[in-house]
$ cat structure10.cif   # mmCIF, C-alpha atoms and all ligand atoms
data_input
loop_
_atom_site.label_atom_id
_atom_site.label_comp_id
_atom_site.auth_asym_id
_atom_site.auth_seq_id
_atom_site.Cartn_x
_atom_site.Cartn_y
_atom_site.Cartn_z
CA MET A 2 -18.68 23.56 18.27
CA SER A 3 -18.84 21.41 15.13
CA ALA A 4 -21.50 18.69 14.77
CA GLU A 5 -18.78 16.08 15.28
CA ASP A 6 -18.02 17.43 18.75
CA VAL A 7 -21.57 17.51 20.11
CA PRO A 8 -21.81 15.13 23.12
CA ARG A 9 -24.52 12.57 22.30
CA TYR A 10 -23.80 8.90 22.98
CA ARG A 11 -23.95 7.06 26.30
CA ILE A 12 -21.27 4.49 27.08
CA GLN A 13 -23.43 1.43 26.28
CA THR A 14 -24.31 2.85 22.87
CA VAL A 15 -20.64 3.54 22.14
CA SER A 16 -19.77 0.03 23.23
CA GLU A 17 -22.33 -1.37 20.77
CA MET A 18 -21.16 0.98 17.99
CA THR A 19 -17.50 0.05 18.36
CA GLY A 20 -17.59 -3.47 19.80
CA ILE A 21 -15.36 -2.27 22.68
CA PRO A 22 -16.57 -3.48 26.10
CA ALA A 23 -17.64 -0.67 28.45
CA PRO A 24 -14.96 -1.53 31.09
CA THR A 25 -12.28 -1.14 28.39
CA LEU A 26 -13.73 2.24 27.40
CA ARG A 27 -13.50 3.38 31.03
CA ALA A 28 -9.95 2.00 31.35
CA TRP A 29 -8.76 3.79 28.20
CA GLU A 30 -10.14 7.05 29.49
CA ARG A 31 -8.60 6.56 32.93
CA ARG A 32 -5.18 5.45 31.67
CA TYR A 33 -4.69 7.40 28.47
CA GLY A 34 -7.39 10.07 28.38
CA VAL A 35 -8.52 8.62 25.03
CA PRO A 36 -11.02 10.03 24.68
CA THR A 37 -12.17 12.35 27.45
CA PRO A 38 -15.94 12.49 26.94
CA ASN A 39 -18.22 15.16 28.36
CA ARG A 40 -20.38 14.29 31.36
CA THR A 41 -24.08 14.90 31.99
CA GLY A 42 -25.19 16.76 35.10
CA LYS A 43 -25.48 13.38 36.83
CA GLY A 44 -21.96 12.37 35.81
CA TYR A 45 -22.80 9.97 32.93
CA ARG A 46 -20.34 9.98 30.06
CA LEU A 47 -21.55 11.46 26.77
CA PHE A 48 -19.34 10.70 23.78
CA SER A 49 -19.23 12.79 20.58
CA ALA A 50 -18.96 11.41 17.02
CA ARG A 51 -15.28 12.41 17.08
CA ASP A 52 -14.76 10.43 20.31
CA VAL A 53 -16.34 7.38 18.66
CA GLU A 54 -14.09 7.75 15.62
CA MET A 55 -11.07 8.01 17.91
CA LEU A 56 -12.10 4.83 19.70
CA ALA A 57 -12.62 2.96 16.43
CA ARG A 58 -9.08 3.90 15.35
CA MET A 59 -7.70 2.88 18.74
CA ARG A 60 -9.50 -0.48 18.48
CA ASP A 61 -8.11 -1.09 14.95
CA LEU A 62 -4.57 -0.26 16.03
CA CYS A 63 -4.79 -2.60 19.04
CA GLU A 64 -6.23 -5.35 16.83
CA SER A 65 -3.31 -4.92 14.44
CA GLY A 66 -0.94 -5.75 17.33
CA MET A 67 0.01 -2.31 18.66
CA SER A 68 0.13 -1.80 22.44
CA ALA A 69 -2.74 0.24 23.88
CA SER A 70 -0.36 2.97 25.10
CA ASP A 71 1.26 3.39 21.65
CA ALA A 72 -2.15 3.34 20.00
CA ALA A 73 -3.42 5.99 22.43
CA ARG A 74 -0.45 8.24 21.70
CA LEU A 75 -0.93 7.89 17.96
CA VAL A 76 -4.66 8.45 18.07
CA GLY A 77 -4.24 11.38 20.46
CA ASP A 78 -1.64 12.98 18.14
CA PHE A 79 -3.86 12.57 15.13
CA PHE A 80 -6.97 13.96 16.69
CA SER A 81 -5.29 17.02 18.16
CA PRO A 82 -2.89 18.05 15.40
CA ALA A 83 -0.73 21.03 16.24
CA ASP A 84 0.62 22.61 13.05
CA GLU A 85 -0.73 20.12 10.57
CA PRO A 86 -3.61 20.59 8.14
CA ALA A 87 -6.96 19.53 9.57
CA PRO A 88 -8.58 16.55 7.87
CA THR A 89 -11.01 17.78 5.25
CA PRO A 90 -14.45 16.28 4.90
CA GLY A 91 -14.92 13.75 2.12
CA ASP A 92 -12.98 10.64 1.25
CA PRO A 93 -10.89 9.68 4.32
CA ALA A 94 -8.35 7.73 2.25
CA ALA A 95 -7.74 10.71 -0.03
CA THR A 96 -7.42 12.94 3.02
CA VAL A 97 -4.75 10.76 4.62
CA SER A 98 -2.96 10.44 1.29
CA ARG A 99 -2.84 14.25 1.05
CA ARG A 100 -1.62 14.49 4.64
CA ILE A 101 1.24 12.12 3.78
CA VAL A 102 2.25 14.42 0.91
CA SER A 103 1.90 17.43 3.14
CA ALA A 104 4.15 15.89 5.85
CA VAL A 105 6.77 15.29 3.12
CA GLU A 106 6.46 18.92 1.97
CA ARG A 107 7.19 20.05 5.56
CA PHE A 108 9.97 17.45 5.87
CA ASP A 109 8.16 16.32 8.99
CA ALA A 110 9.49 12.77 9.46
CA ASP A 111 7.52 12.13 12.67
CA GLY A 112 4.33 13.46 11.13
CA LEU A 113 4.91 11.24 8.11
CA ASP A 114 5.27 8.17 10.34
CA ARG A 115 2.09 9.08 12.20
CA GLU A 116 0.09 9.49 8.99
CA ILE A 117 1.40 6.21 7.64
CA ARG A 118 0.52 4.37 10.82
CA LEU A 119 -2.92 5.87 10.79
CA ALA A 120 -3.32 4.85 7.15
CA GLN A 121 -2.52 1.28 8.13
CA THR A 122 -5.76 1.12 10.09
CA MET A 123 -7.98 2.31 7.27
CA GLY A 124 -9.08 -0.83 5.46
CA SER A 125 -7.73 -3.92 3.79
CA ALA A 126 -4.05 -3.93 2.83
CA ALA A 127 -4.90 -3.75 -0.89
CA VAL A 128 -7.11 -0.71 -0.29
CA ILE A 129 -4.53 0.99 1.94
CA PHE A 130 -1.93 0.52 -0.75
CA GLU A 131 -4.08 1.43 -3.76
CA ASP A 132 -6.09 4.31 -2.24
CA ILE A 133 -3.55 5.86 0.13
CA PHE A 134 0.07 4.84 -0.49
CA ALA A 135 0.06 4.62 -4.30
CA PRO A 136 -1.61 8.03 -4.90
CA ALA A 137 0.83 9.61 -2.41
CA LEU A 138 3.77 7.91 -4.14
CA ARG A 139 2.60 9.04 -7.55
CA GLU A 140 2.15 12.63 -6.43
CA ILE A 141 5.47 12.77 -4.58
CA GLY A 142 7.30 11.11 -7.48
CA ASP A 143 5.64 13.35 -10.06
CA ARG A 144 6.56 16.44 -8.02
CA TRP A 145 10.12 15.19 -7.77
CA HIS A 146 10.18 14.63 -11.54
CA GLU A 147 8.91 18.19 -12.13
CA GLY A 148 11.35 19.63 -9.56
CA THR A 149 8.92 20.90 -6.88
CA LEU A 150 10.07 18.32 -4.30
CA SER A 151 13.73 17.64 -3.64
CA VAL A 152 15.54 14.31 -4.01
CA SER A 153 15.78 14.23 -0.26
CA GLN A 154 12.01 14.66 0.20
CA GLU A 155 11.33 11.96 -2.41
CA HIS A 156 13.73 9.58 -0.66
CA LEU A 157 12.21 10.31 2.75
CA ALA A 158 8.77 9.41 1.41
CA SER A 159 9.79 6.44 -0.74
CA GLU A 160 11.73 4.84 2.11
CA ALA A 161 8.97 5.34 4.70
CA LEU A 162 6.24 4.14 2.35
CA ALA A 163 8.29 1.18 1.14
CA ARG A 164 9.00 0.12 4.73
CA ALA A 165 5.34 0.41 5.71
CA THR A 166 4.29 -1.46 2.58
CA ARG A 167 6.66 -4.33 3.28
CA ASN A 168 5.50 -4.54 6.90
CA LEU A 169 1.90 -4.55 5.79
CA LEU A 170 2.57 -7.35 3.33
CA ASP A 171 4.26 -9.39 6.07
CA LEU A 172 1.17 -8.92 8.21
CA VAL A 173 -1.36 -9.98 5.57
CA GLN A 174 0.53 -12.72 3.76
CA PRO A 175 -1.16 -16.09 4.12
CA THR A 176 1.34 -18.43 5.81
CA SER A 177 0.57 -21.89 4.53
CA ALA A 178 -1.17 -20.92 1.31
CA PRO A 179 -2.02 -23.52 -1.31
CA ARG A 180 -0.63 -21.30 -4.09
CA SER A 181 2.46 -19.18 -4.40
CA ALA A 182 3.88 -16.44 -6.58
CA VAL A 183 7.32 -15.04 -7.28
CA LEU A 184 7.28 -11.31 -8.03
CA ALA A 185 10.16 -9.46 -9.61
CA CYS A 186 11.05 -6.33 -11.52
CA TRP A 187 12.28 -6.64 -15.07
CA GLU A 188 15.99 -6.37 -15.71
CA GLU A 189 17.15 -2.77 -14.96
CA GLU A 190 13.72 -1.86 -13.59
CA GLN A 191 13.92 0.17 -10.38
CA HIS A 192 10.24 0.97 -9.85
CA VAL A 193 9.60 -1.62 -7.18
CA MET A 194 6.42 -0.32 -5.55
CA PRO A 195 4.10 -1.58 -8.30
CA LEU A 196 5.21 -5.11 -7.37
CA TYR A 197 3.81 -4.66 -3.90
CA GLY A 198 0.51 -3.44 -5.32
CA ILE A 199 0.11 -6.74 -7.09
CA ALA A 200 1.41 -8.69 -4.08
CA PHE A 201 -1.46 -7.35 -1.92
CA ARG A 202 -3.99 -8.51 -4.47
CA LEU A 203 -2.40 -11.95 -4.79
CA ALA A 204 -2.25 -12.28 -0.99
CA GLN A 205 -5.95 -11.45 -0.90
CA TRP A 206 -6.60 -14.24 -3.41
CA GLY A 207 -4.69 -16.77 -1.28
CA TYR A 208 -1.21 -16.65 -2.80
CA ARG A 209 1.94 -16.56 -0.73
CA CYS A 210 4.23 -14.07 -2.50
CA VAL A 211 7.99 -13.99 -2.56
CA VAL A 212 9.10 -10.55 -3.69
CA LEU A 213 12.51 -10.51 -5.35
CA GLY A 214 12.41 -6.75 -5.90
CA ALA A 215 14.16 -4.39 -8.29
CA ARG A 216 16.34 -5.34 -11.28
CA THR A 217 15.86 -9.10 -11.32
CA PRO A 218 17.48 -10.69 -14.40
CA PRO A 219 16.02 -13.87 -15.98
CA GLU A 220 18.74 -16.06 -14.38
CA ALA A 221 17.63 -14.93 -10.92
CA VAL A 222 14.00 -15.65 -11.77
CA ALA A 223 15.01 -19.09 -13.06
CA GLU A 224 16.74 -19.91 -9.78
CA ALA A 225 13.75 -18.76 -7.71
CA VAL A 226 11.40 -20.82 -9.88
CA ASP A 227 13.65 -23.82 -9.53
CA ARG A 228 13.78 -23.54 -5.74
CA LEU A 229 10.26 -22.38 -5.00
CA ALA A 230 8.15 -23.94 -7.78
CA PRO A 231 5.63 -21.06 -7.77
CA ASP A 232 2.29 -21.23 -9.56
CA VAL A 233 2.70 -17.70 -10.88
CA VAL A 234 5.63 -15.48 -11.81
CA GLY A 235 4.67 -11.78 -11.87
CA LEU A 236 7.05 -9.38 -13.58
CA SER A 237 6.76 -5.62 -13.40
CA LEU A 238 7.94 -3.40 -16.19
CA THR A 239 7.55 0.35 -15.99
CA LEU A 240 10.31 1.56 -18.30
CA ALA A 241 10.71 -0.74 -21.29
CA PRO A 242 14.12 -1.01 -23.02
CA PRO A 243 14.43 -0.74 -26.84
CA GLU A 244 12.28 -3.28 -28.67
CA ALA A 245 14.96 -5.74 -29.85
CA MET A 246 16.44 -5.96 -26.36
CA LEU A 247 12.99 -6.27 -24.81
CA ALA A 248 12.08 -9.16 -27.14
CA GLU A 249 15.27 -11.01 -26.25
CA GLN A 250 14.75 -10.47 -22.52
CA ALA A 251 11.11 -11.53 -22.82
CA ARG A 252 12.14 -14.87 -24.33
CA ALA A 253 14.67 -15.36 -21.54
CA TYR A 254 11.99 -14.69 -18.88
CA ALA A 255 9.56 -17.08 -20.59
CA THR A 256 12.22 -19.83 -20.44
CA ALA A 257 13.15 -18.91 -16.86
CA ALA A 258 9.56 -19.33 -15.67
CA GLY A 259 9.37 -22.94 -16.90
CA THR A 260 5.87 -24.26 -16.35
CA ALA A 261 4.79 -21.46 -14.01
CA ARG A 262 2.28 -19.02 -15.40
CA VAL A 263 3.98 -15.69 -16.22
CA ILE A 264 2.20 -12.37 -16.13
CA VAL A 265 3.85 -9.05 -16.91
CA GLY A 266 2.28 -5.80 -15.76
CA GLY A 267 3.04 -2.11 -15.35
CA LEU A 268 3.09 0.92 -17.62
CA GLY A 269 5.95 -0.38 -19.81
CA ALA A 270 4.34 -3.80 -20.23
CA GLN A 271 1.09 -2.30 -21.44
CA ALA A 272 2.95 -0.17 -23.98
CA SER A 273 4.89 -3.21 -25.28
CA GLN A 274 2.13 -5.80 -25.18
CA ALA A 275 2.69 -7.18 -28.70
CA VAL A 276 6.43 -7.79 -28.19
CA LEU A 277 5.89 -9.49 -24.85
CA GLU A 278 3.04 -11.66 -26.07
CA ALA A 279 5.08 -12.74 -29.10
CA ALA A 280 7.57 -14.20 -26.62
CA GLY A 281 4.80 -16.15 -24.90
CA LEU A 282 4.30 -13.83 -21.93
CA ARG A 283 0.86 -12.77 -20.80
CA VAL A 284 0.35 -9.02 -20.30
CA SER A 285 -1.99 -7.66 -17.66
CA THR A 286 -3.97 -4.68 -18.95
CA GLY A 287 -4.47 -3.37 -15.44
CA ASP A 288 -7.98 -4.84 -15.09
CA ILE A 289 -7.59 -6.42 -11.68
CA GLU A 290 -10.94 -8.22 -11.77
CA ALA A 291 -10.05 -9.84 -15.10
CA LEU A 292 -6.74 -10.96 -13.60
CA ARG A 293 -8.51 -12.49 -10.60
CA ARG A 294 -10.87 -14.43 -12.87
CA GLU A 295 -8.03 -15.59 -15.08
CA LEU A 296 -5.97 -16.86 -12.16
CA ALA A 297 -8.99 -18.55 -10.61
CA THR A 298 -9.66 -20.38 -13.88
CA SER A 299 -6.08 -21.50 -14.29
CA ALA A 300 -5.87 -22.61 -10.64
CA ALA A 301 -9.00 -24.69 -11.07
CA GLY A 302 -7.87 -26.17 -14.37
C1 LIG A 401 8.06 6.74 -7.55
C2 LIG A 401 8.64 6.89 -8.95
C3 LIG A 401 10.02 6.71 -9.06
C4 LIG A 401 10.91 6.27 -7.90
C5 LIG A 401 10.79 4.75 -7.71
C6 LIG A 401 10.89 4.35 -6.24
C7 LIG A 401 10.73 2.85 -6.08
N1 LIG A 401 11.61 2.28 -5.30
O1 LIG A 401 9.82 2.23 -6.62
C8 LIG A 401 12.32 6.69 -8.43
C9 LIG A 401 12.59 8.07 -7.90
C10 LIG A 401 13.49 5.78 -8.06
C11 LIG A 401 12.08 6.76 -9.93
C12 LIG A 401 13.10 6.69 -10.84
C13 LIG A 401 12.92 6.89 -12.21
N2 LIG A 401 11.77 7.19 -12.83
CO1 LIG A 401 10.06 7.16 -11.95
N3 LIG A 401 8.37 7.33 -11.26
C14 LIG A 401 7.83 7.19 -10.08
C15 LIG A 401 6.31 7.49 -10.09
C16 LIG A 401 6.09 8.89 -9.55
C17 LIG A 401 5.44 6.53 -9.30
C18 LIG A 401 5.66 5.05 -9.61
C19 LIG A 401 4.92 4.23 -8.60
O2 LIG A 401 5.46 3.77 -7.59
N4 LIG A 401 3.62 4.07 -8.82
C20 LIG A 401 2.75 3.37 -7.90
C21 LIG A 401 2.34 2.05 -8.51
C22 LIG A 401 1.58 1.26 -7.46
O3 LIG A 401 1.47 2.23 -9.59
P1 LIG A 401 1.72 1.63 -11.05
O4 LIG A 401 3.08 1.90 -11.45
O5 LIG A 401 0.64 2.17 -11.90
O6 LIG A 401 1.52 0.04 -10.85
C23 LIG A 401 0.23 -0.58 -10.87
C24 LIG A 401 -0.08 -1.21 -12.22
O7 LIG A 401 0.72 -0.73 -13.26
C25 LIG A 401 0.02 -2.67 -12.02
N5 LIG A 401 1.27 -3.39 -12.17
C26 LIG A 401 2.53 -2.96 -12.12
N6 LIG A 401 3.38 -3.99 -12.22
C27 LIG A 401 2.64 -5.11 -12.34
C28 LIG A 401 3.01 -6.45 -12.48
C29 LIG A 401 2.02 -7.44 -12.60
C30 LIG A 401 2.39 -8.86 -12.73
C31 LIG A 401 0.65 -7.05 -12.62
C32 LIG A 401 -0.41 -8.07 -12.77
C33 LIG A 401 0.29 -5.70 -12.47
C34 LIG A 401 1.28 -4.76 -12.33
O8 LIG A 401 -0.33 -2.82 -10.67
C35 LIG A 401 0.27 -1.75 -9.90
C36 LIG A 401 -0.49 -1.60 -8.60
O9 LIG A 401 -1.79 -1.13 -8.79
C37 LIG A 401 5.99 7.42 -11.63
C38 LIG A 401 4.89 8.37 -12.11
C39 LIG A 401 3.49 7.90 -11.84
N7 LIG A 401 2.63 8.87 -11.67
O10 LIG A 401 3.20 6.72 -11.83
C40 LIG A 401 7.32 7.78 -12.25
C41 LIG A 401 7.72 7.22 -13.63
C42 LIG A 401 7.28 5.77 -13.69
N8 LIG A 401 9.17 7.33 -13.63
C43 LIG A 401 9.61 7.66 -14.78
C44 LIG A 401 11.01 7.86 -15.05
C45 LIG A 401 11.31 8.41 -16.45
C46 LIG A 401 11.99 7.57 -14.11
C47 LIG A 401 13.51 7.73 -14.29
C48 LIG A 401 14.10 7.31 -15.65
C49 LIG A 401 13.84 9.17 -13.97
C50 LIG A 401 15.27 9.59 -14.11
N9 LIG A 401 15.43 10.55 -14.98
O11 LIG A 401 16.16 9.06 -13.46
C51 LIG A 401 14.06 6.84 -13.16
C52 LIG A 401 14.32 5.44 -13.74
C53 LIG A 401 14.48 4.32 -12.79
C54 LIG A 401 14.56 2.98 -13.51
N10 LIG A 401 15.54 2.72 -14.34
O12 LIG A 401 13.73 2.13 -13.29
C55 LIG A 401 8.51 7.83 -15.81
C56 LIG A 401 8.39 6.65 -16.79
C57 LIG A 401 7.99 7.12 -18.17
C58 LIG A 401 7.85 5.99 -19.16
N11 LIG A 401 7.07 4.97 -18.89
O13 LIG A 401 8.40 6.09 -20.20
C59 LIG A 401 7.29 8.05 -14.91
C60 LIG A 401 5.94 7.61 -15.51
C61 LIG A 401 7.24 9.57 -14.57
C62 LIG A 401 6.90 10.45 -15.72
N12 LIG A 401 5.70 10.98 -15.75
O14 LIG A 401 7.71 10.68 -16.57
N13 LIG A 401 10.78 6.89 -10.20
#
$ encode --input "structure10.cif" --output "structure tokens"
Amino acid sequence: MSAEDVPRYRIQTVSEMTGIPAPTLRAWERRYGVPTPNRTGKGYRLFSARDVEMLARMRDLCESGMSASDAARLVGDFFSPADEPAPTPGDPAATVSRRIVSAVERFDADGLDREIRLAQTMGSAAVIFEDIFAPALREIGDRWHEGTLSVSQEHLASEALARATRNLLDLVQPTSAPRSAVLACWEEEQHVMPLYGIAFRLAQWGYRCVVLGARTPPEAVAEAVDRLAPDVVGLSLTLAPPEAMLAEQARAYATAAGTARVIVGGLGAQASQAVLEAAGLRVSTGDIEALRRELATSAAG
């Protein structure tokens, strides 16, 4: 028996550790068998560390709006995996990220959904995206680029992760926020996931984000700015076009944004900083703390 499975905690202790009332703990065991703790000779429940972890996950899922029966099924599946790799000790986010990749390798669509739903309980939305979804996306995409994962596997993963990311953003978006942002990909840009990475950060800083998505030309940005009057326009550029075309497009985006503050980020933006700045656009170097400070200053000013 591993240390995690040793029965040690009485029900009151577990209730204090997890914040779950003791009657709820008994009800979850009775209704769903989640978890099924050992009993002492006198019949008192004794929970293991694994049981406590299971309960904490169950609590998080219920708090995020899932029904107790769905949460129990998910938690039960995760803690008794059949043919899936066991979680390895160490960083839990990295472990779940690897399990997402591994589900894609097996083309296990249900397993992929389970891992993604579990990931959604593992911290703030920005952390879930940056520490779990983005590393999985990068690895899956890189393996597709090098030919060790098929187009079909890449699509399976991109679609599932994109759906989960959008749902997560809907959940965490502030509703009546004092500030707003319009986020869009540069003309011809298809890498849309980086936009969501920045949306989670902006949501955390109190911005309501409208995501226009892939391939958004300056005219479309202009219309959104006109209708929504955002404080910030965030543009994502991964693959930059040739320099002369980029400079022309950059000027068009600067005009389209009007008085809103424009920030361009992404791999392509960093590589073309001088051209973009010459057109009056501000380039994010990827230092998220610097961006937070900069936006806070401009919002105050
Ligand atoms: C997934 C992926 C795809 C998917 C995209 C799915 C989708 N709907 O988004 C698909 C399969 C469609 C794809 C297609 C292509 N891809 Co691709 N793709 C990737 C991959 C693996 C991951 C990209 C990603 O989602 N990263 C996750 C995000 C969260 O991270 P990020 O990009 O670093 O973004 C962060 C910051 O840059 C910053 N940021 C980004 N934007 C902004 C904006 C603002 C305002 C701010 C403040 C910050 C900010 O914040 C983000 C969050 O932390 C990368 C390789 C990699 N390891 O990154 C290649 C990569 C980007 N792709 C590449 C290429 C070449 C292509 C294709 C041309 C391949 C082809 N031959 O068809 C096409 C082109 C599509 C196009 N015209 O846009 C190259 C680009 C090389 C380059 N820069 O010159 C890369 C680097 C792969 C490589 N090693 O060669 N790709």
$ residues_near_point --input "structure10.cif" --point "(3.1, -20.4, 6.0)" --cutoff "12 Å" --atoms "all atoms listed in the file" --output "NGL selection string"
:A and (171-181 or 204 or 207-211)
$ closest_atom_pairs --input "structure10.cif" --of "chain A" --to "ligand LIG 401 (chain A)" --cutoff "8 Å" --atoms "only C-alpha atoms and all ligand atoms" --output "tab-separated table"
residue	atom	partner	partner_atom	distance
A:Phe130	CA	A:LIG401	C22	7.6
A:Glu131	CA	A:LIG401	O9	6.1
A:Phe134	CA	A:LIG401	C22	8.0
A:Ala135	CA	A:LIG401	C20	4.7
A:Pro136	CA	A:LIG401	C20	7.1
A:Leu138	CA	A:LIG401	C17	5.6
A:Arg139	CA	A:LIG401	C16	4.0
A:Glu140	CA	A:LIG401	C16	6.3
A:Ile141	CA	A:LIG401	C16	6.3
A:Gly142	CA	A:LIG401	C16	3.3
A:Asp143	CA	A:LIG401	C16	4.5
A:Arg144	CA	A:LIG401	C16	7.7
A:Trp145	CA	A:LIG401	C9	7.5
A:His146	CA	A:LIG401	C61	6.6
A:Val152	CA	A:LIG401	C9	7.9
A:Glu155	CA	A:LIG401	C9	6.8
A:His156	CA	A:LIG401	C9	7.5
A:Ser159	CA	A:LIG401	C6	6.0
A:Glu160	CA	A:LIG401	N1	7.8
A:Ala163	CA	A:LIG401	N1	7.3
A:Leu184	CA	A:LIG401	C30	7.2
A:Glu189	CA	A:LIG401	N10	5.8
A:Glu190	CA	A:LIG401	O12	4.0
A:Gln191	CA	A:LIG401	O12	3.5
A:His192	CA	A:LIG401	O1	3.5
A:Val193	CA	A:LIG401	O1	3.9
A:Met194	CA	A:LIG401	O1	4.4
A:Pro195	CA	A:LIG401	C22	3.9
A:Leu196	CA	A:LIG401	N6	5.3
A:Tyr197	CA	A:LIG401	C36	7.1
A:Gly198	CA	A:LIG401	C36	3.9
A:Ile199	CA	A:LIG401	O8	5.3
A:Ala215	CA	A:LIG401	N1	7.7
A:Val234	CA	A:LIG401	C30	7.4
A:Gly235	CA	A:LIG401	C30	3.8
A:Leu236	CA	A:LIG401	C30	4.8
A:Ser237	CA	A:LIG401	N6	3.9
A:Leu238	CA	A:LIG401	N6	6.1
A:Thr239	CA	A:LIG401	N11	5.5
A:Leu240	CA	A:LIG401	N11	4.7
A:Ala241	CA	A:LIG401	N11	7.2
A:Val263	CA	A:LIG401	C30	7.8
A:Ile264	CA	A:LIG401	C30	4.9
A:Val265	CA	A:LIG401	C30	4.4
A:Gly266	CA	A:LIG401	C28	3.4
A:Gly267	CA	A:LIG401	C26	3.4
A:Leu268	CA	A:LIG401	O7	5.2
A:Gly269	CA	A:LIG401	N11	5.5
A:Val284	CA	A:LIG401	C32	7.6
A:Ser285	CA	A:LIG401	C32	5.2
A:Thr286	CA	A:LIG401	C33	7.8
A:Gly287	CA	A:LIG401	C25	5.7
A:Ile289	CA	A:LIG401	C32	7.4
A:Leu292	CA	A:LIG401	C32	7.0
$ write_last_selection --input "structure10.cif" --atoms "C-alpha atoms" --output "short mmCIF file (atom, residue, chain, number, x, y, z; two decimals), in the frame of the given file"
data_model
loop_
_atom_site.label_atom_id
_atom_site.label_comp_id
_atom_site.auth_asym_id
_atom_site.auth_seq_id
_atom_site.Cartn_x
_atom_site.Cartn_y
_atom_site.Cartn_z
CA PHE A 130 -1.93 0.52 -0.75
CA GLU A 131 -4.08 1.43 -3.76
CA PHE A 134 0.07 4.84 -0.49
CA ALA A 135 0.06 4.62 -4.30
CA PRO A 136 -1.61 8.03 -4.90
CA LEU A 138 3.77 7.91 -4.14
CA ARG A 139 2.60 9.04 -7.55
CA GLU A 140 2.15 12.63 -6.43
CA ILE A 141 5.47 12.77 -4.58
CA GLY A 142 7.30 11.11 -7.48
CA ASP A 143 5.64 13.35 -10.06
CA ARG A 144 6.56 16.44 -8.02
CA TRP A 145 10.12 15.19 -7.77
CA HIS A 146 10.18 14.63 -11.54
CA VAL A 152 15.54 14.31 -4.01
CA GLU A 155 11.33 11.96 -2.41
CA HIS A 156 13.73 9.58 -0.66
CA SER A 159 9.79 6.44 -0.74
CA GLU A 160 11.73 4.84 2.11
CA ALA A 163 8.29 1.18 1.14
CA LEU A 184 7.28 -11.31 -8.03
CA GLU A 189 17.15 -2.77 -14.96
CA GLU A 190 13.72 -1.86 -13.59
CA GLN A 191 13.92 0.17 -10.38
CA HIS A 192 10.24 0.97 -9.85
CA VAL A 193 9.60 -1.62 -7.18
CA MET A 194 6.42 -0.32 -5.55
CA PRO A 195 4.10 -1.58 -8.30
CA LEU A 196 5.21 -5.11 -7.37
CA TYR A 197 3.81 -4.66 -3.90
CA GLY A 198 0.51 -3.44 -5.32
CA ILE A 199 0.11 -6.74 -7.09
CA ALA A 215 14.16 -4.39 -8.29
CA VAL A 234 5.63 -15.48 -11.81
CA GLY A 235 4.67 -11.78 -11.87
CA LEU A 236 7.05 -9.38 -13.58
CA SER A 237 6.76 -5.62 -13.40
CA LEU A 238 7.94 -3.40 -16.19
CA THR A 239 7.55 0.35 -15.99
CA LEU A 240 10.31 1.56 -18.30
CA ALA A 241 10.71 -0.74 -21.29
CA VAL A 263 3.98 -15.69 -16.22
CA ILE A 264 2.20 -12.37 -16.13
CA VAL A 265 3.85 -9.05 -16.91
CA GLY A 266 2.28 -5.80 -15.76
CA GLY A 267 3.04 -2.11 -15.35
CA LEU A 268 3.09 0.92 -17.62
CA GLY A 269 5.95 -0.38 -19.81
CA VAL A 284 0.35 -9.02 -20.30
CA SER A 285 -1.99 -7.66 -17.66
CA THR A 286 -3.97 -4.68 -18.95
CA GLY A 287 -4.47 -3.37 -15.44
CA ILE A 289 -7.59 -6.42 -11.68
CA LEU A 292 -6.74 -10.96 -13.60
#
$ atom_distance --input "structure10.cif" --atom1 "CA of Met18 (chain A)" --atom2 "CA of Val53 (chain A)"
8.0 Å
$ closest_residue --input "structure10.cif" --among "A:Val102, A:Leu282, A:Val35, A:Ile21" --to "Ala72 (chain A)" --atoms "all atoms listed in the file"
A:Val35
$ closest_residue --input "structure10.cif" --among "A:Arg60, A:Arg252, A:Arg283, A:Arg74" --to "Arg32 (chain A)" --atoms "all atoms listed in the file"
A:Arg74
$ residues_around --input "structure10.cif" --residues "Ala185 (chain A)" --least-positions-apart "5" --cutoff "6 Å" --atoms "all atoms listed in the file" --output "short mmCIF file (atom, residue, chain, number, x, y, z; two decimals) with C-alpha atoms, in the frame of the given file"
data_model
loop_
_atom_site.label_atom_id
_atom_site.label_comp_id
_atom_site.auth_asym_id
_atom_site.auth_seq_id
_atom_site.Cartn_x
_atom_site.Cartn_y
_atom_site.Cartn_z
CA LEU A 213 12.51 -10.51 -5.35
CA GLY A 214 12.41 -6.75 -5.90
CA THR A 217 15.86 -9.10 -11.32
CA LEU A 236 7.05 -9.38 -13.58
#
$ closest_residue --input "structure10.cif" --among "A:Gln250, A:Gln205, A:Thr298, A:Asn168" --to "Glu220 (chain A)" --atoms "all atoms listed in the file"
A:Gln250
$ residues_near_point --input "structure10.cif" --point "(12.0, -15.8, -17.6)" --cutoff "9 Å" --atoms "all atoms listed in the file" --output "ChimeraX atom specification"
/A:218-223,234,250-259,263
$ axis_aligned_box --input "structure10.cif" --around "region 62-65 of chain A" --padding-each-side "5 Å" --output "JSON"
{"center_x": -4.8, "center_y": -2.8, "center_z": 16.7, "size_x": 12.9, "size_y": 15.1, "size_z": 14.6}
$ residues_around --input "structure10.cif" --residues "Ala73 (chain A)" --least-positions-apart "5" --cutoff "12 Å" --atoms "only C-alpha atoms" --output "PyMOL selection string"
chain A and resi 28-37+55-63+67-68+78-81+119
$ residues_around --input "structure10.cif" --residues "Ala104 (chain A)" --least-positions-apart "6" --cutoff "10 Å" --atoms "all atoms listed in the file" --output "list in words"
Glu85, Pro86, Ala110, Asp111, Gly112, Leu113, Asp114, Arg115, Glu116, Gln154 and Ala158 of chain A
$ atom_distance --input "structure10.cif" --atom1 "CA of Gln13 (chain A)" --atom2 "CA of Pro93 (chain A)"
26.6 Å
